[in-house]
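A.B. asks: Structure provided below as structure tokens; questions to follow.
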Amino acid sequence: MNTSVRQTNYDRREKKKVVLFFPTPAYDHYRIELGLALAVVAAPLEGKYDLQLIDERVTPDYEKEVLSNLEDAVCVGISSITGYQIKRGIAMARKVRAAAPDVPIVWGGYHPSLFPEQTCESAACDIVCVGQGDITFKEIVDSLADGKPPAGIPGCAYWTAEGIVVNEPRPLVDVNDVPPAPYHLLDVDRAIELNQRQNHEKKRTIEFHSSQGCPGKCGYCADAQLYQRHWTGLEADRVVEEVVQLVKTYRLDQINYSDANFFANQKRVKAICEGIIDAGINISWVASARPDTFHRYKPEVLKLIRESGCKRVIVGAESASEPVLELICKGATAADHLKSAQVCRDYGIGGTFTFITGFPHPPGTPAQETTQDLLDFIERLKKIQPDIRTKIFVFTPYPGTPLYELSVEFGMKEPLSLEEWADYNPATMKESQWVEPWERKLIEKVNGFYLPFAYPDSNMQKKLAHGAKKWPYRTMHALALARARTGFYSLPVEWLLFKTLKKETFEPIA
Ligand code: B12
Ligand code: SF4
């Protein structure tokens with residue numbers, strides 16, 4: 001990109017539009033989770049500016065929408081996590097630069113926040129909003145609309161001809177001090193429709209973000225670095241009020257809480273559940289839980305969780321090996337995972353337990369936990385509650401985490417620019433130092449086929465017991481179970497047959 005077109009004066013007086021772009025976040029095919037970050041940073045600007053929120057996955061003709069709004073734009077904002085979303089963000093930034101070189105481009109989100117200077121070095125970016133954007137973005141926009149660069153605004157970095165300026169950090173903003181996310185600026189109905197059409201979702205489902213940050217210190221997670229292990233949650237009354245309103249406006253059947261740690265505060269969760277029950281809205285909901293927190297919840301709160309419609313908790317178990325759990329600072333043990341599974345069973349709450357294989361270890365040494373070890377543990381979970389879903393991910397070191405540092409120490413090549421980070425994707429990084437290519441393929445088979453067949457949930461059990469296809473199902477079950485138990489996966493004829501006959505996997509995470 002031509003670096004001579006960098007901003008020098010940031011003077012955007014007389015301009016009235018703010019264009020916010022949400023690039024496609026992942027290379028893999030994921031369900032569409034609303035680009036809530038855009039709505040949250042747009043909220044304090046409502047009424048003062050003409051806000052254009054454009055989502056590459058949802059907005060028809062998204063490129064035309066961005067480019068046709070540039071003439072009167074104070075700036076263009078781009079949201080990004082590490083990886084593919086950067087690639088798509090850079091592609092749009094290039095088009096913006098070519099069409100309107102004087103429009104400042106502001107990047108925000110996890111990745112730019114971890115690398116403000118490196119991001120500003122790219123010609124795709126002029127300003128970075130570091131960390132929470134709720135207040136910072138409003139101050140940046142107001143400053144540009146006043147004809148000034150974002151000098152002195154806490155929580156941002158920006159490019160100048162003399163060098164990159166990094167302002168002091170902004171302390172965590174209490175999420176109760178910012179207005180509700182204006183969902184009406186996002187095309188919610190179209191996102192729901194796309195999820196129903198493309199992902200065969202039956203329920204009208206959207207995301208709600210009720211807290212920011214997490215007190216945990218898991219060694220593979222960037223949250224601790226970004227929010228210094230602080231957590232700030234919306235008051236329960238506000239969560240209930242907003243959720244009830246959303247359910248009515250968009251005729252929702254389900255809310256997915258996208259919080260890093262929804263269950264951080266038991267008193268708040270109790271009050272949210274009571275509020276939802278009192279409001280009489282008949283919805284289901286899903287949220288993430290830490291394995292050490294969930295089973296310690298009081299029985300009366302667990303009952304309320306179920307009664308208020310909690311369909312499923314996503315439990316980040318990650319490993320069942322004590323040395324690995326220590327290495328990754330999980331703060332939970334395999335016993336916690338098993339107890340959480342018991343709670344799911346006893347209170348009728350669905351559970352999805354996620355695991356990670358391929359954590360870094362010194363070159364030439366064996367892994368402390370293999371995929372087979374995880375399968376053996378998963379069998380124990382399934383014995384407690386067959387309806388528990390499980391998924392194994394391959395470890396990808398994410399920047400801003402201790403395990404990323406360790407991976408670099410053990411020889412991983414570090415991306416050194418925004419452009420290099422654009423290709424840093426778990427889906428495309430077929431090579432991993434700690435997971436052999438054959439093991440990666442095995443995990444794909446295990447997640448999509450062997451686990452659901454070997455350890456059937458209640459749906460699968462019905463198919464095994466009755467129905468026209470019971471004999472093919474029973475044969476698959478017997479083969480899958482034998483393989484899961486013995487670890488012998490050569491000549492996988494049943495998997496090849498399954499892949500030919502059926503494309504989708506059985507168990508979505510949520
Ligand atoms: C929804 C979600 C997804 C969605 C969409 C991603 C997205 N960009 O929103 C999907 C399902 C696609 C997804 C996929 C993955 N995700 Co994800 N996901 C989340 C989740 C749960 C919620 C994000 C969210 O909506 N937050 C709500 C908004 C309001 O908060 P926010 O995004 O942080 O935005 C604030 C600031 O960052 C800033 N901001 C953000 N954008 C912008 C833009 C501008 C212009 C400004 C000014 C400010 C700004 O202001 C906002 C308000 O304060 C987060 C965890 C979490 N709770 O945050 C993980 C998270 C973002 N995911 C993560 C990861 C690692 C993944 C996966 C790799 C998981 C996997 N193993 O497959 C894949 C990515 C695959 C790939 N790259 O190819 C990491 C990202 C780490 C990193 N370095 O980027 C997170 C942080 C989880 C974690 N704690 O590790 N994910
Ligand atoms: S509990 Fe979840 S959000 Fe919190 S540090 Fe661990 S992985 Fe990150």
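Chain identifiers are assigned as A, B, and so on, following the order in which chains appear in the structure tokens; residues are numbered from 1 within each chain, and ligands are numbered from 1 in order of appearance.
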Got a sec: who's within 12 Å of Ser490 (chain A), counting only C-alpha atoms, leaving out chain neighbours fewer than 2 positions off, as number ranges by chain?
C.D. replies: A: 438, 441-442, 445, 479, 483-484, 486-488, 492-496
A.B. asks: Between A:Val188, A:Ala91, A:Ile206, A:Leu36, which one has atoms that come closest to Glu63 (chain A), using only C-alpha atoms?
C.D. replies: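 Counting only C-alpha atoms, the residue closest to Glu63 (chain A) is A:Ala91.
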A.B. asks: Might you pull out every residue within 9 Å of Cys273 (chain A), with only C-alpha atoms counted and same-chain residues fewer than 3 positions away left off, and present them as a ChimeraX atom specification?
C.D. replies: /A:236,240,268-270,276-278,301,304-309
A.B. asks: Using the selection just defined, write its residues with N, CA and C atoms as a JSON list (two decimals), in the first residue's frame.
C.D. replies:
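The resulting file, selection-v3.json, is reproduced below:
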```
[["chain", "number", "residue", "atom", "x", "y", "z"],
["A", 236, "ALA", "N", -28.08, -6.65, 37.17],
["A", 236, "ALA", "CA", -29.06, -7.66, 36.75],
["A", 236, "ALA", "C", -30.33, -7.03, 36.17],
["A", 240, "VAL", "N", -31.96, -7.84, 32.49],
["A", 240, "VAL", "CA", -33.31, -8.37, 32.29],
["A", 240, "VAL", "C", -34.11, -7.43, 31.39],
["A", 268, "ARG", "N", -25.42, -11.89, 40.93],
["A", 268, "ARG", "CA", -25.96, -11.26, 39.71],
["A", 268, "ARG", "C", -26.70, -12.30, 38.87],
["A", 269, "VAL", "N", -26.09, -13.49, 38.72],
["A", 269, "VAL", "CA", -26.74, -14.54, 37.91],
["A", 269, "VAL", "C", -28.10, -14.89, 38.52],
["A", 270, "LYS", "N", -28.13, -15.01, 39.87],
["A", 270, "LYS", "CA", -29.40, -15.35, 40.54],
["A", 270, "LYS", "C", -30.46, -14.30, 40.21],
["A", 276, "ILE", "N", -35.79, -12.90, 34.75],
["A", 276, "ILE", "CA", -36.26, -13.51, 33.49],
["A", 276, "ILE", "C", -37.51, -14.36, 33.78],
["A", 277, "ILE", "N", -37.48, -15.09, 34.91],
["A", 277, "ILE", "CA", -38.66, -15.91, 35.26],
["A", 277, "ILE", "C", -39.87, -14.99, 35.51],
["A", 278, "ASP", "N", -39.65, -13.92, 36.30],
["A", 278, "ASP", "CA", -40.76, -12.99, 36.62],
["A", 278, "ASP", "C", -41.32, -12.34, 35.36],
["A", 301, "VAL", "N", -29.64, -21.69, 43.26],
["A", 301, "VAL", "CA", -29.34, -20.87, 42.07],
["A", 301, "VAL", "C", -29.31, -21.76, 40.82],
["A", 304, "LEU", "N", -32.71, -22.18, 39.67],
["A", 304, "LEU", "CA", -33.20, -20.99, 38.96],
["A", 304, "LEU", "C", -32.61, -20.90, 37.55],
["A", 305, "ILE", "N", -31.34, -21.30, 37.44],
["A", 305, "ILE", "CA", -30.68, -21.27, 36.13],
["A", 305, "ILE", "C", -31.48, -22.15, 35.16],
["A", 306, "ARG", "N", -31.83, -23.33, 35.62],
["A", 306, "ARG", "CA", -32.60, -24.25, 34.77],
["A", 306, "ARG", "C", -33.98, -23.68, 34.46],
["A", 307, "GLU", "N", -34.64, -23.22, 35.55],
["A", 307, "GLU", "CA", -36.02, -22.72, 35.39],
["A", 307, "GLU", "C", -36.12, -21.53, 34.44],
["A", 308, "SER", "N", -35.07, -20.71, 34.44],
["A", 308, "SER", "CA", -35.12, -19.49, 33.61],
["A", 308, "SER", "C", -34.80, -19.82, 32.16],
["A", 309, "GLY", "N", -34.50, -21.08, 31.86],
["A", 309, "GLY", "CA", -34.37, -21.49, 30.45],
["A", 309, "GLY", "C", -32.96, -21.83, 30.01]]
```
A.B. asks: So, with only C-alpha atoms and all ligand atoms as the atoms that count, which of A:His295, A:Arg97, A:His209, A:Arg6 lies closest to ligand 1?
C.D. replies: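 Answer, going by the shortest atom-to-atom distance: A:His209.
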A.B. asks: Which residue is closest to ligand 2? Choose from A:Leu38, A:Val74, A:Ile192, A:Ala317 and count only C-alpha atoms and all ligand atoms.
C.D. replies: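 Checking each candidate against ligand 2, we get A:Ala317 as the closest.
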A.B. asks: I need the residues of region 24-58 of chain A that end up classed as strand (DSSP E or B) by DSSP on the backbone, written out as a ChimeraX atom specification.
C.D. replies: /A:46,49-55
A.B. asks: Let me have all residues with an atom within 12 Å of ligand 2, counting only C-alpha atoms and all ligand atoms, laid out as an MDAnalysis selection string.
C.D. replies: chainID A and resid 211:231 258:264 287:294 314:318 325 328:332 354:356 398 400:402
A.B. asks: Show which residues sit within 10 Å of Phe410 (chain A), as number ranges by chain. Count only C-alpha atoms, and ignore same-chain residues fewer than 5 positions away.
C.D. replies: A: 360-363, 404-405, 433
A.B. asks: Using only C-alpha atoms and all ligand atoms, tabulate the residues of chain A lying at most 6 Å from any atom of ligand 1, each with its closest atom pair and that distance in Å to one decimal, by chain and increasing residue number, as a tab-separated table.
C.D. replies:
```
residue	atom	partner	partner_atom_place_in_ligand_line	distance
A:Pro25	CA	ligand 1	12 (C)	5.1
A:Ala26	CA	ligand 1	78 (O)	3.5
A:Tyr27	CA	ligand 1	78 (O)	4.6
A:Asp28	CA	ligand 1	78 (O)	6.0
A:Tyr30	CA	ligand 1	11 (C)	5.7
A:Glu33	CA	ligand 1	4 (C)	5.6
A:Gly35	CA	ligand 1	9 (O)	5.8
A:Leu36	CA	ligand 1	29 (C)	5.0
A:Ala37	CA	ligand 1	29 (C)	3.8
A:Leu38	CA	ligand 1	43 (C)	5.9
A:Val40	CA	ligand 1	52 (C)	5.5
A:Val41	CA	ligand 1	52 (C)	5.7
A:Gly77	CA	ligand 1	45 (C)	3.7
A:Ile78	CA	ligand 1	45 (C)	4.5
A:Ser79	CA	ligand 1	43 (C)	3.6
A:Ser80	CA	ligand 1	8 (N)	5.6
A:Ile81	CA	ligand 1	84 (O)	3.6
A:Thr82	CA	ligand 1	84 (O)	3.9
A:Gly83	CA	ligand 1	77 (N)	4.4
A:Tyr84	CA	ligand 1	77 (N)	5.0
A:Val106	CA	ligand 1	45 (C)	5.5
A:Trp107	CA	ligand 1	45 (C)	4.9
A:Gly108	CA	ligand 1	42 (C)	3.6
A:Gly109	CA	ligand 1	40 (C)	3.3
A:Tyr110	CA	ligand 1	84 (O)	4.7
A:His111	CA	ligand 1	84 (O)	4.8
A:Cys129	CA	ligand 1	47 (C)	5.0
A:Gly131	CA	ligand 1	36 (C)	5.2
A:Gln132	CA	ligand 1	53 (O)	3.3
A:Gly133	CA	ligand 1	50 (O)	3.4
A:Asp134	CA	ligand 1	53 (O)	4.8
A:Phe137	CA	ligand 1	47 (C)	4.7
A:His209	CA	ligand 1	27 (C)	5.6
A:Cys221	CA	ligand 1	90 (O)	4.3
A:Ala222	CA	ligand 1	90 (O)	5.1
A:Asp223	CA	ligand 1	89 (N)	4.9
A:Ser258	CA	ligand 1	21 (C)	4.6
A:Asp259	CA	ligand 1	57 (N)	4.1
A:Ala260	CA	ligand 1	57 (N)	3.5
A:Tyr398	CA	ligand 1	83 (N)	5.2
A:Pro399	CA	ligand 1	83 (N)	5.7
A:Asn425	CA	ligand 1	78 (O)	4.8
A:Pro426	CA	ligand 1	78 (O)	5.9
```
A.B. asks: For the selection just defined, write its residues with C-alpha atoms to a file, as a PDB file, in the first residue's frame.
C.D. replies:
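Once written, part18.pdb looks like this:
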```pdb
ATOM      1  CA  PRO A  25     -14.112 -12.873  11.548  1.00  0.00           C
ATOM      2  CA  ALA A  26     -13.116 -16.403  10.698  1.00  0.00           C
ATOM      3  CA  TYR A  27     -11.879 -18.473   7.821  1.00  0.00           C
ATOM      4  CA  ASP A  28     -13.917 -21.419   9.070  1.00  0.00           C
ATOM      5  CA  TYR A  30     -19.085 -20.256  11.949  1.00  0.00           C
ATOM      6  CA  GLU A  33     -22.589 -13.873  15.873  1.00  0.00           C
ATOM      7  CA  GLY A  35     -20.974  -7.660  15.443  1.00  0.00           C
ATOM      8  CA  LEU A  36     -21.915  -6.304  18.857  1.00  0.00           C
ATOM      9  CA  ALA A  37     -18.625  -4.409  19.207  1.00  0.00           C
ATOM     10  CA  LEU A  38     -19.807  -1.988  16.528  1.00  0.00           C
ATOM     11  CA  VAL A  40     -21.443  -0.830  21.632  1.00  0.00           C
ATOM     12  CA  VAL A  41     -18.987   1.785  20.327  1.00  0.00           C
ATOM     13  CA  GLY A  77     -13.877   2.150  12.180  1.00  0.00           C
ATOM     14  CA  ILE A  78     -12.823  -1.474  11.714  1.00  0.00           C
ATOM     15  CA  SER A  79     -13.144  -4.228  14.327  1.00  0.00           C
ATOM     16  CA  SER A  80     -10.780  -7.182  14.474  1.00  0.00           C
ATOM     17  CA  ILE A  81      -9.621 -10.196  16.384  1.00  0.00           C
ATOM     18  CA  THR A  82      -6.340 -11.886  15.431  1.00  0.00           C
ATOM     19  CA  GLY A  83      -6.307 -13.730  12.115  1.00  0.00           C
ATOM     20  CA  TYR A  84      -8.699 -13.801   9.203  1.00  0.00           C
ATOM     21  CA  VAL A 106      -9.619   3.616  13.250  1.00  0.00           C
ATOM     22  CA  TRP A 107      -9.015  -0.005  14.274  1.00  0.00           C
ATOM     23  CA  GLY A 108     -10.369  -1.566  17.478  1.00  0.00           C
ATOM     24  CA  GLY A 109     -10.865  -5.002  19.010  1.00  0.00           C
ATOM     25  CA  TYR A 110      -8.647  -7.633  20.601  1.00  0.00           C
ATOM     26  CA  HIS A 111      -5.852  -7.693  18.064  1.00  0.00           C
ATOM     27  CA  CYS A 129      -8.604   2.217  20.063  1.00  0.00           C
ATOM     28  CA  GLY A 131      -9.216  -2.058  24.929  1.00  0.00           C
ATOM     29  CA  GLN A 132     -12.817  -1.068  25.596  1.00  0.00           C
ATOM     30  CA  GLY A 133     -14.108   1.275  22.934  1.00  0.00           C
ATOM     31  CA  ASP A 134     -17.268   2.426  24.688  1.00  0.00           C
ATOM     32  CA  PHE A 137     -14.249   5.882  20.343  1.00  0.00           C
ATOM     33  CA  HIS A 209     -22.980  -9.182  26.028  1.00  0.00           C
ATOM     34  CA  CYS A 221      -6.337 -16.451  26.794  1.00  0.00           C
ATOM     35  CA  ALA A 222      -5.771 -12.793  25.963  1.00  0.00           C
ATOM     36  CA  ASP A 223      -8.424 -11.480  28.298  1.00  0.00           C
ATOM     37  CA  SER A 258     -21.173 -13.876  24.690  1.00  0.00           C
ATOM     38  CA  ASP A 259     -19.505 -12.859  27.965  1.00  0.00           C
ATOM     39  CA  ALA A 260     -16.020 -14.153  28.680  1.00  0.00           C
ATOM     40  CA  TYR A 398      -2.720 -16.250  20.715  1.00  0.00           C
ATOM     41  CA  PRO A 399      -0.649 -13.133  21.301  1.00  0.00           C
ATOM     42  CA  ASN A 425      -5.529 -18.633  11.469  1.00  0.00           C
ATOM     43  CA  PRO A 426      -6.171 -21.897  13.266  1.00  0.00           C
TER      44      PRO A 426
END
```
A.B. asks: With distances taken over only C-alpha atoms, which residue among A:Phe22, A:Trp285, A:Tyr250, A:Phe453 lies nearest Gly350 (chain A)?
C.D. replies: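 Distance minimum relative to Gly350 (chain A) lands on A:Trp285.
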A.B. asks: Go through region 193-384 of chain A and collect every residue that DSSP, computed from the backbone, puts in alpha helix (DSSP H); the answer should be as a VMD selection string.
C.D. replies: chain A and resid 193 to 198 223 to 227 236 to 250 266 to 279 291 to 294 299 to 307 322 to 327 334 to 347 371 to 384
A.B. asks: Write out as an mmCIF file with C-alpha atoms, in the first residue's frame which residues come within 12 Å of Pro452 (chain A) when counting only C-alpha atoms, dropping same-chain ones fewer than 5 positions away.
C.D. replies:
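What follows is the written file out17.cif:
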```cif
data_model
loop_
_atom_site.group_PDB
_atom_site.id
_atom_site.type_symbol
_atom_site.label_atom_id
_atom_site.label_comp_id
_atom_site.auth_asym_id
_atom_site.auth_seq_id
_atom_site.Cartn_x
_atom_site.Cartn_y
_atom_site.Cartn_z
ATOM 1 C CA LEU A 375 -10.853 -39.403 24.633
ATOM 2 C CA ILE A 378 -14.402 -37.786 27.640
ATOM 3 C CA GLU A 379 -15.676 -41.346 28.107
ATOM 4 C CA LYS A 382 -20.194 -39.275 29.000
ATOM 5 C CA PRO A 386 -24.447 -39.101 27.881
ATOM 6 C CA ASP A 387 -26.007 -35.849 26.627
ATOM 7 C CA ILE A 388 -22.856 -33.891 27.373
ATOM 8 C CA ARG A 389 -21.278 -32.624 24.169
ATOM 9 C CA THR A 390 -17.548 -32.352 23.744
ATOM 10 C CA LYS A 391 -15.226 -30.750 21.255
ATOM 11 C CA LYS A 445 -12.804 -37.333 12.620
ATOM 12 C CA VAL A 446 -13.137 -37.624 16.371
ATOM 13 C CA ASN A 447 -15.103 -34.339 16.733
ATOM 14 C CA ASP A 457 -26.578 -38.809 23.311
ATOM 15 C CA SER A 458 -30.298 -39.328 23.873
ATOM 16 C CA ASN A 459 -31.140 -38.464 20.245
ATOM 17 C CA MET A 460 -28.633 -40.935 18.912
ATOM 18 C CA GLN A 461 -29.747 -43.536 21.453
ATOM 19 C CA TYR A 473 -26.423 -46.886 13.283
ATOM 20 C CA MET A 476 -21.339 -47.394 13.300
ATOM 21 C CA HIS A 477 -21.697 -47.217 17.091
ATOM 22 C CA ALA A 478 -19.887 -50.529 17.655
ATOM 23 C CA ALA A 480 -16.696 -46.052 16.728
ATOM 24 C CA LEU A 481 -16.657 -47.278 20.322
ATOM 25 C CA ALA A 484 -12.277 -44.709 20.659
ATOM 26 C CA THR A 505 -21.354 -32.828 12.096
ATOM 27 C CA PHE A 506 -23.854 -33.878 14.730
ATOM 28 C CA GLU A 507 -23.200 -31.600 17.625
ATOM 29 C CA PRO A 508 -23.029 -27.819 17.372
#
```
A.B. asks: Which residue, A:Gln342, A:Ser432, A:Asn195, A:Gln385, has the smallest gap to Phe359 (chain A) when you use only C-alpha atoms?
C.D. replies: A:Ser432
A.B. asks: Which of these, A:Lys469, A:Lys298, A:Arg88, A:Arg312, has the shortest distance to Asp55 (chain A) once you count only C-alpha atoms?
C.D. replies: A:Arg88
A.B. asks: Would you mind listing what lies within 10 Å of Ser143 (chain A) as a PDB file with N, CA and C atoms, in the first residue's frame, with only C-alpha atoms counted and same-chain residues fewer than 4 positions away left out?
C.D. replies:
```
ATOM      1  N   TYR A  10      -5.797  15.094  10.430  1.00  0.00           N
ATOM      2  CA  TYR A  10      -6.995  14.553  11.070  1.00  0.00           C
ATOM      3  C   TYR A  10      -8.135  15.578  11.174  1.00  0.00           C
ATOM      4  N   ASP A  11      -8.183  16.538  10.249  1.00  0.00           N
ATOM      5  CA  ASP A  11      -9.225  17.567  10.347  1.00  0.00           C
ATOM      6  C   ASP A  11     -10.491  17.097   9.631  1.00  0.00           C
ATOM      7  N   ARG A  12     -11.530  16.778  10.409  1.00  0.00           N
ATOM      8  CA  ARG A  12     -12.777  16.284   9.800  1.00  0.00           C
ATOM      9  C   ARG A  12     -13.951  17.177  10.192  1.00  0.00           C
ATOM     10  N   ARG A  13     -13.677  18.489  10.287  1.00  0.00           N
ATOM     11  CA  ARG A  13     -14.787  19.405  10.589  1.00  0.00           C
ATOM     12  C   ARG A  13     -15.849  19.338   9.498  1.00  0.00           C
ATOM     13  N   VAL A  74     -16.587  11.193   9.129  1.00  0.00           N
ATOM     14  CA  VAL A  74     -15.565  11.640  10.105  1.00  0.00           C
ATOM     15  C   VAL A  74     -14.436  10.615  10.092  1.00  0.00           C
ATOM     16  N   PHE A 137     -13.916   5.609  21.748  1.00  0.00           N
ATOM     17  CA  PHE A 137     -14.249   5.882  20.343  1.00  0.00           C
ATOM     18  C   PHE A 137     -15.026   7.192  20.224  1.00  0.00           C
ATOM     19  N   LYS A 138     -15.924   7.446  21.159  1.00  0.00           N
ATOM     20  CA  LYS A 138     -16.698   8.694  21.112  1.00  0.00           C
ATOM     21  C   LYS A 138     -15.723   9.876  21.193  1.00  0.00           C
ATOM     22  N   GLU A 139     -14.740   9.774  22.088  1.00  0.00           N
ATOM     23  CA  GLU A 139     -13.798  10.892  22.239  1.00  0.00           C
ATOM     24  C   GLU A 139     -12.960  11.061  20.978  1.00  0.00           C
ATOM     25  N   GLY A 147     -11.726  18.857  14.391  1.00  0.00           N
ATOM     26  CA  GLY A 147     -10.565  19.212  13.570  1.00  0.00           C
ATOM     27  C   GLY A 147      -9.226  18.886  14.211  1.00  0.00           C
ATOM     28  N   LYS A 148      -9.263  18.045  15.261  1.00  0.00           N
ATOM     29  CA  LYS A 148      -8.011  17.771  16.002  1.00  0.00           C
ATOM     30  C   LYS A 148      -7.637  16.282  15.980  1.00  0.00           C
ATOM     31  N   PRO A 149      -6.343  15.973  16.067  1.00  0.00           N
ATOM     32  CA  PRO A 149      -5.947  14.559  16.217  1.00  0.00           C
ATOM     33  C   PRO A 149      -6.328  14.082  17.627  1.00  0.00           C
ATOM     34  N   PRO A 150      -6.314  12.750  17.846  1.00  0.00           N
ATOM     35  CA  PRO A 150      -6.763  12.256  19.161  1.00  0.00           C
ATOM     36  C   PRO A 150      -5.708  12.413  20.263  1.00  0.00           C
ATOM     37  N   ALA A 151      -5.039  13.544  20.280  1.00  0.00           N
ATOM     38  CA  ALA A 151      -3.968  13.763  21.262  1.00  0.00           C
ATOM     39  C   ALA A 151      -4.543  13.742  22.673  1.00  0.00           C
ATOM     40  N   ILE A 153      -6.130  11.563  24.335  1.00  0.00           N
ATOM     41  CA  ILE A 153      -7.306  10.728  24.660  1.00  0.00           C
ATOM     42  C   ILE A 153      -6.813   9.387  25.218  1.00  0.00           C
TER      43      ILE A 153
END
```
A.B. asks: Using only C-alpha atoms, determine which residues lie at most 10 Å from Leu51 (chain A), disregarding the query and same-chain residues fewer than 5 positions distant; provide the list as an mmCIF file with C-alpha atoms, in the first residue's frame.
C.D. replies:
```cif
data_model
loop_
_atom_site.group_PDB
_atom_site.id
_atom_site.type_symbol
_atom_site.label_atom_id
_atom_site.label_comp_id
_atom_site.auth_asym_id
_atom_site.auth_seq_id
_atom_site.Cartn_x
_atom_site.Cartn_y
_atom_site.Cartn_z
ATOM 1 C CA LYS A 16 -21.344 13.985 9.967
ATOM 2 C CA LYS A 17 -21.099 10.272 9.230
ATOM 3 C CA VAL A 18 -19.360 7.517 11.158
ATOM 4 C CA VAL A 19 -18.852 4.330 9.171
ATOM 5 C CA LEU A 20 -18.203 1.148 11.148
ATOM 6 C CA ALA A 39 -23.120 -1.362 18.255
ATOM 7 C CA ALA A 42 -21.712 3.464 18.269
ATOM 8 C CA ALA A 43 -24.075 3.844 21.245
ATOM 9 C CA LEU A 45 -22.601 8.674 19.257
ATOM 10 C CA GLU A 46 -26.309 8.172 18.507
ATOM 11 C CA ASN A 69 -20.652 6.856 2.711
ATOM 12 C CA ALA A 73 -17.360 10.520 6.942
ATOM 13 C CA LEU A 185 -28.308 -0.225 13.950
#
```
A.B. asks: What separation in Å, quoted to one decimal, exists between CA of Gly155 (chain A) and CA of Asp50 (chain A)?
C.D. replies: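 Spanning CA of Gly155 (chain A) to CA of Asp50 (chain A) is a straight-line distance of 23.9 Å.
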